[in-house]
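A.B. asks: As input, take query00.pdb (PDB, C-alpha atoms, pLDDT in the B column):
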MODEL        1
ATOM      1  CA  VAL A   1      61.724 127.805  81.872  1.00 80.00           C
ATOM      2  CA  HIS A   2      63.717 127.905  78.644  1.00 76.00           C
ATOM      3  CA  CYS A   3      64.857 130.521  76.165  1.00 77.00           C
ATOM      4  CA  ALA A   4      67.398 130.497  73.365  1.00 73.00           C
ATOM      5  CA  GLY A   5      70.086 132.518  75.145  1.00 76.00           C
ATOM      6  CA  GLY A   6      69.378 131.702  78.780  1.00 79.00           C
ATOM      7  CA  MET A   7      69.195 135.259  80.130  1.00 86.00           C
ATOM      8  CA  ARG A   8      65.407 135.634  79.812  1.00 88.00           C
ATOM      9  CA  ALA A   9      64.897 132.178  81.291  1.00 86.00           C
ATOM     10  CA  ALA A  10      67.075 133.074  84.269  1.00 89.00           C
ATOM     11  CA  VAL A  11      65.083 136.261  84.906  1.00 92.00           C
ATOM     12  CA  ALA A  12      61.746 134.470  84.500  1.00 91.00           C
ATOM     13  CA  ALA A  13      62.867 131.634  86.783  1.00 91.00           C
ATOM     14  CA  SER A  14      63.917 134.132  89.432  1.00 94.00           C
ATOM     15  CA  VAL A  15      60.569 135.968  89.305  1.00 95.00           C
ATOM     16  CA  LEU A  16      58.589 132.722  89.431  1.00 94.00           C
ATOM     17  CA  ASP A  17      60.699 131.401  92.308  1.00 94.00           C
ATOM     18  CA  ALA A  18      60.184 134.629  94.256  1.00 96.00           C
ATOM     19  CA  ALA A  19      56.432 134.152  93.746  1.00 96.00           C
ATOM     20  CA  GLY A  20      56.652 130.721  95.352  1.00 96.00           C
ATOM     21  CA  ARG A  21      56.430 128.621  92.187  1.00 93.00           C
ATOM     22  CA  GLU A  22      58.430 125.429  91.656  1.00 90.00           C
ATOM     23  CA  VAL A  23      60.863 126.284  88.852  1.00 89.00           C
ATOM     24  CA  VAL A  24      63.274 124.384  86.648  1.00 82.00           C
ATOM     25  CA  ALA A  25      65.571 126.445  84.432  1.00 81.00           C
ATOM     26  CA  VAL A  26      66.668 124.399  81.421  1.00 80.00           C
ATOM     27  CA  ASP A  27      70.248 125.342  80.553  1.00 80.00           C
ATOM     28  CA  ASP A  28      70.472 123.126  77.480  1.00 81.00           C
ATOM     29  CA  GLY A  29      68.570 122.435  74.300  1.00 78.00           C
ATOM     30  CA  PHE A  30      64.821 122.129  74.833  1.00 75.00           C
ATOM     31  CA  ALA A  31      64.803 118.501  73.684  1.00 79.00           C
ATOM     32  CA  ALA A  32      67.169 117.695  76.573  1.00 81.00           C
ATOM     33  CA  ALA A  33      64.411 118.605  79.047  1.00 80.00           C
ATOM     34  CA  ALA A  34      62.157 115.869  77.710  1.00 82.00           C
ATOM     35  CA  ASP A  35      65.075 113.438  77.598  1.00 87.00           C
ATOM     36  CA  ALA A  36      65.750 114.236  81.273  1.00 85.00           C
ATOM     37  CA  GLY A  37      62.156 113.347  82.154  1.00 86.00           C
ATOM     38  CA  LEU A  38      60.945 116.874  82.945  1.00 82.00           C
ATOM     39  CA  PRO A  39      57.233 117.457  82.288  1.00 80.00           C
ATOM     40  CA  LEU A  40      56.721 119.776  79.319  1.00 79.00           C
ATOM     41  CA  VAL A  41      53.698 122.023  79.070  1.00 77.00           C
ATOM     42  CA  THR A  42      52.754 123.611  75.772  1.00 75.00           C
ATOM     43  CA  PRO A  43      49.772 125.854  75.140  1.00 71.00           C
ATOM     44  CA  SER A  44      46.792 124.160  73.574  1.00 72.00           C
ATOM     45  CA  ASP A  45      45.116 125.518  70.482  1.00 55.00           C
ATOM     46  CA  ASP A  46      42.209 126.667  72.690  1.00 57.00           C
ATOM     47  CA  ALA A  47      44.523 128.673  74.977  1.00 57.00           C
ATOM     48  CA  ALA A  48      46.085 130.507  72.038  1.00 53.00           C
ATOM     49  CA  ALA A  49      42.739 131.812  70.781  1.00 50.00           C
TER
ENDMDL
END
So that I can check it, write out the structure of this file as structure tokens.
C.D. replies:
Amino acid sequence: VHCAGGMRAAVAASVLDAAGREVVAVDDGFAAAADAGLPLVTPSDDAAA
């Protein structure tokens, strides 16, 4: 979970964790997540339609 300021990501991570999901909160620039080897998921063009 990532957002520009961190507050929304922290809230989202907490909600997802409470729901039993495995969560990683990225507290750095988004590119750092890929550099750290975390899997990144982006919506496909089909999902956005």
A.B. asks: So that I can check the surroundings of segment 26-33 of chain A, please list as a PDB file with C-alpha atoms, in the coordinates of the input every protein, DNA and RNA residue that reaches within 7 Å of it, counting only C-alpha atoms and ignoring chain neighbours fewer than 5 positions away.
C.D. replies:
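Final output, saved to out33.pdb:
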ATOM      1  CA  VAL A   1      61.724 127.805  81.872  1.00 80.00           C
ATOM      2  CA  HIS A   2      63.717 127.905  78.644  1.00 76.00           C
ATOM      3  CA  GLY A   6      69.378 131.702  78.780  1.00 79.00           C
ATOM      4  CA  LEU A  38      60.945 116.874  82.945  1.00 82.00           C
TER       5      LEU A  38
END
A.B. asks: What is the atom CA of Glu22 of chain A-atom CA of Pro39 of chain A distance in Å, reported with one decimal?
C.D. replies: 12.4 Å
A.B. asks: At what distance in Å, to one decimal, does atom CA of Ser44 of chain A lie from atom CA of Ala19 of chain A?
C.D. replies: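 Those two atoms sit 24.5 Å apart.
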A.B. asks: Measure the distance from atom CA of Leu40 of chain A to atom CA of Ala25 of chain A in Å and round it to one decimal.
C.D. replies: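 If I compute the distance from atom CA of Leu40 of chain A to atom CA of Ala25 of chain A, I get 12.2 Å.
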A.B. asks: Contacts of Ala13 of chain A at 7 Å or less, counting only C-alpha atoms, minus same-chain residues fewer than 2 places along, as a tab-separated table (two decimals) with C-alpha atoms, keeping the file's coordinate frame?
C.D. replies:
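The resulting file, around_14.tsv, is shown below:
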chain	number	residue	atom	x	y	z
A	1	VAL	CA	61.72	127.80	81.87
A	9	ALA	CA	64.90	132.18	81.29
A	10	ALA	CA	67.08	133.07	84.27
A	11	VAL	CA	65.08	136.26	84.91
A	15	VAL	CA	60.57	135.97	89.30
A	16	LEU	CA	58.59	132.72	89.43
A	17	ASP	CA	60.70	131.40	92.31
A	23	VAL	CA	60.86	126.28	88.85
A	25	ALA	CA	65.57	126.44	84.43
